[in-house]
>>> print(open('target15.pdb').read())   # PDB, C-alpha atoms
ATOM      1  CA  MET X 198     217.712 125.468 154.527
ATOM      2  CA  ILE X 199     214.286 123.830 154.711
ATOM      3  CA  ASP X 200     213.590 121.043 152.229
ATOM      4  CA  GLU X 201     210.481 121.144 150.031
ATOM      5  CA  LYS X 202     208.651 118.455 152.037
ATOM      6  CA  LYS X 203     209.043 120.351 155.329
ATOM      7  CA  LYS X 204     208.142 123.640 153.622
ATOM      8  CA  LYS X 205     204.871 122.108 152.379
ATOM      9  CA  VAL X 206     204.071 120.763 155.859
ATOM     10  CA  LEU X 207     204.729 124.191 157.392
ATOM     11  CA  GLU X 208     202.458 125.907 154.842
ATOM     12  CA  LEU X 209     199.631 123.421 155.433
ATOM     13  CA  PHE X 210     200.056 123.634 159.205
ATOM     14  CA  ALA X 211     200.004 127.446 159.168
ATOM     15  CA  GLU X 212     196.774 127.541 157.166
ATOM     16  CA  GLY X 213     195.204 124.889 159.390
ATOM     17  CA  ARG X 214     196.180 126.814 162.501
ATOM     18  CA  LYS X 215     194.569 130.011 161.165
ATOM     19  CA  LEU X 216     191.311 128.144 160.581
ATOM     20  CA  TYR X 217     191.586 126.466 163.996
ATOM     21  CA  LYS X 218     191.810 129.888 165.689
ATOM     22  CA  LEU X 219     188.692 130.931 163.740
ATOM     23  CA  MET X 220     186.879 127.838 165.092
ATOM     24  CA  GLU X 221     186.601 126.416 161.556
ATOM     25  CA  PHE X 222     187.515 122.962 162.843
ATOM     26  CA  PRO X 223     186.392 120.789 159.900
ATOM     27  CA  LYS X 224     188.293 123.005 157.444
ATOM     28  CA  ALA X 225     191.342 123.153 159.724
ATOM     29  CA  LEU X 226     191.262 119.378 160.103
ATOM     30  CA  SER X 227     191.576 118.947 156.343
ATOM     31  CA  TYR X 228     194.837 120.944 156.336
ATOM     32  CA  PHE X 229     196.297 118.869 159.159
ATOM     33  CA  VAL X 230     195.296 115.690 157.306
ATOM     34  CA  GLU X 231     197.131 116.941 154.209
ATOM     35  CA  ALA X 232     200.192 117.866 156.277
ATOM     36  CA  LEU X 233     200.232 114.367 157.765
ATOM     37  CA  LYS X 234     200.027 112.856 154.284
ATOM     38  CA  VAL X 235     203.245 114.709 153.440
ATOM     39  CA  ASP X 236     204.906 113.843 156.783
ATOM     40  CA  PRO X 237     203.062 111.282 158.940
ATOM     41  CA  ASN X 238     205.458 112.005 161.829
ATOM     42  CA  ASP X 239     204.831 115.757 162.076
ATOM     43  CA  GLY X 240     204.110 116.223 165.777
ATOM     44  CA  PRO X 241     202.352 119.612 165.668
ATOM     45  CA  SER X 242     200.008 118.465 162.894
ATOM     46  CA  LYS X 243     199.169 115.327 164.910
ATOM     47  CA  VAL X 244     198.323 117.440 167.965
ATOM     48  CA  TYR X 245     196.096 119.852 166.076
ATOM     49  CA  TYR X 246     194.471 116.999 164.148
ATOM     50  CA  LEU X 247     193.376 115.477 167.470
ATOM     51  CA  ARG X 248     192.259 118.841 168.860
ATOM     52  CA  CYS X 249     190.139 119.518 165.774
ATOM     53  CA  LYS X 250     188.521 116.085 166.064
ATOM     54  CA  HIS X 251     187.765 116.848 169.726
ATOM     55  CA  TYR X 252     186.240 120.258 169.001
ATOM     56  CA  ILE X 253     184.165 118.950 166.105
ATOM     57  CA  GLU X 254     182.556 116.505 168.550
ATOM     58  CA  ASN X 255     182.631 118.882 171.567
ATOM     59  CA  PRO X 256     182.474 122.490 170.339
ATOM     60  CA  PRO X 257     184.075 125.091 172.601
ATOM     61  CA  PRO X 258     182.046 128.033 173.945
ATOM     62  CA  GLU X 259     181.435 131.021 171.689
ATOM     63  CA  ASP X 260     183.906 133.138 173.695
ATOM     64  CA  TRP X 261     186.675 130.544 173.288
ATOM     65  CA  ASP X 262     190.127 132.129 173.395
ATOM     66  CA  GLY X 263     191.928 129.405 171.445
ATOM     67  CA  VAL X 264     193.388 127.679 174.487
ATOM     68  CA  PHE X 265     193.030 123.899 174.649
ATOM     69  CA  VAL X 266     192.175 122.770 178.173
ATOM     70  CA  MET X 267     193.079 119.184 179.035
ATOM     71  CA  THR X 268     190.346 117.476 181.038
ATOM     72  CA  THR X 269     192.176 114.177 181.647
ATOM     73  CA  LYS X 270     195.732 113.070 182.338
TER      74      LYS X 270
END
>>> encode(input="target15.pdb", output="structure tokens")
Amino acid sequence: MIDEKKKKVLELFAEGRKLYKLMEFPKALSYFVEALKVDPNDGPSKVYYLRCKHYIENPPPEDWDGVFVMTTK
């Protein structure tokens, strides 16, 4: 059974991920921030938080397929 804290993180993450796929990076970022407030160690929320920050500063092309391409090691 999932505890209430993890359930909240999963709900916030899911909504953030939907917005991320729609290229609504500032809105998505806010959901990942909220998820990290509930659980600062949530790995997936940390990853998507950083990706949103990257795409806010460096928007992907209009035909972006949702795949994050690493440019450095």
>>> atom_distance(input="target15.pdb", atom1="atom CA of X:Pro237", atom2="atom CA of X:Asp262")
28.5 Å
>>> atom_distance(input="target15.pdb", atom1="atom CA of X:Leu226", atom2="atom CA of X:Leu209")
10.4 Å
>>> resolve_selection(input="target15.pdb", expression="the PyMOL selection byres ((chain X and resi 231) around 12)", output="mmCIF file with C-alpha atoms, in the frame of the given file")
data_model
loop_
_atom_site.group_PDB
_atom_site.id
_atom_site.type_symbol
_atom_site.label_atom_id
_atom_site.label_comp_id
_atom_site.auth_asym_id
_atom_site.auth_seq_id
_atom_site.Cartn_x
_atom_site.Cartn_y
_atom_site.Cartn_z
ATOM 1 C CA LYS X 202 208.651 118.455 152.037
ATOM 2 C CA LYS X 205 204.871 122.108 152.379
ATOM 3 C CA VAL X 206 204.071 120.763 155.859
ATOM 4 C CA LEU X 207 204.729 124.191 157.392
ATOM 5 C CA GLU X 208 202.458 125.907 154.842
ATOM 6 C CA LEU X 209 199.631 123.421 155.433
ATOM 7 C CA PHE X 210 200.056 123.634 159.205
ATOM 8 C CA ALA X 211 200.004 127.446 159.168
ATOM 9 C CA GLU X 212 196.774 127.541 157.166
ATOM 10 C CA GLY X 213 195.204 124.889 159.390
ATOM 11 C CA LYS X 224 188.293 123.005 157.444
ATOM 12 C CA ALA X 225 191.342 123.153 159.724
ATOM 13 C CA LEU X 226 191.262 119.378 160.103
ATOM 14 C CA SER X 227 191.576 118.947 156.343
ATOM 15 C CA TYR X 228 194.837 120.944 156.336
ATOM 16 C CA PHE X 229 196.297 118.869 159.159
ATOM 17 C CA VAL X 230 195.296 115.690 157.306
ATOM 18 C CA ALA X 232 200.192 117.866 156.277
ATOM 19 C CA LEU X 233 200.232 114.367 157.765
ATOM 20 C CA LYS X 234 200.027 112.856 154.284
ATOM 21 C CA VAL X 235 203.245 114.709 153.440
ATOM 22 C CA ASP X 236 204.906 113.843 156.783
ATOM 23 C CA PRO X 237 203.062 111.282 158.940
ATOM 24 C CA ASP X 239 204.831 115.757 162.076
ATOM 25 C CA SER X 242 200.008 118.465 162.894
ATOM 26 C CA LYS X 243 199.169 115.327 164.910
ATOM 27 C CA TYR X 246 194.471 116.999 164.148
#
>>> closest_residue(input="target15.pdb", among="X:Lys203, X:Asp260, X:Met198, X:Phe222", to="X:Arg248", atoms="all atoms listed in the file")
X:Phe222
>>> atom_distance(input="target15.pdb", atom1="atom CA of X:Tyr217", atom2="atom CA of X:Cys249")
7.3 Å
>>> closest_residue(input="target15.pdb", among="X:Lys218, X:Ile199, X:Pro241, X:Lys204", to="X:Trp261", atoms="only C-alpha atoms")
X:Lys218
>>> closest_residue(input="target15.pdb", among="X:Pro257, X:Asp200, X:Tyr245, X:Gly240", to="X:Leu216", atoms="only C-alpha atoms")
X:Tyr245
>>> closest_residue(input="target15.pdb", among="X:Glu201, X:Val244, X:Pro256, X:Asn238", to="X:Met220", atoms="only C-alpha atoms")
X:Pro256
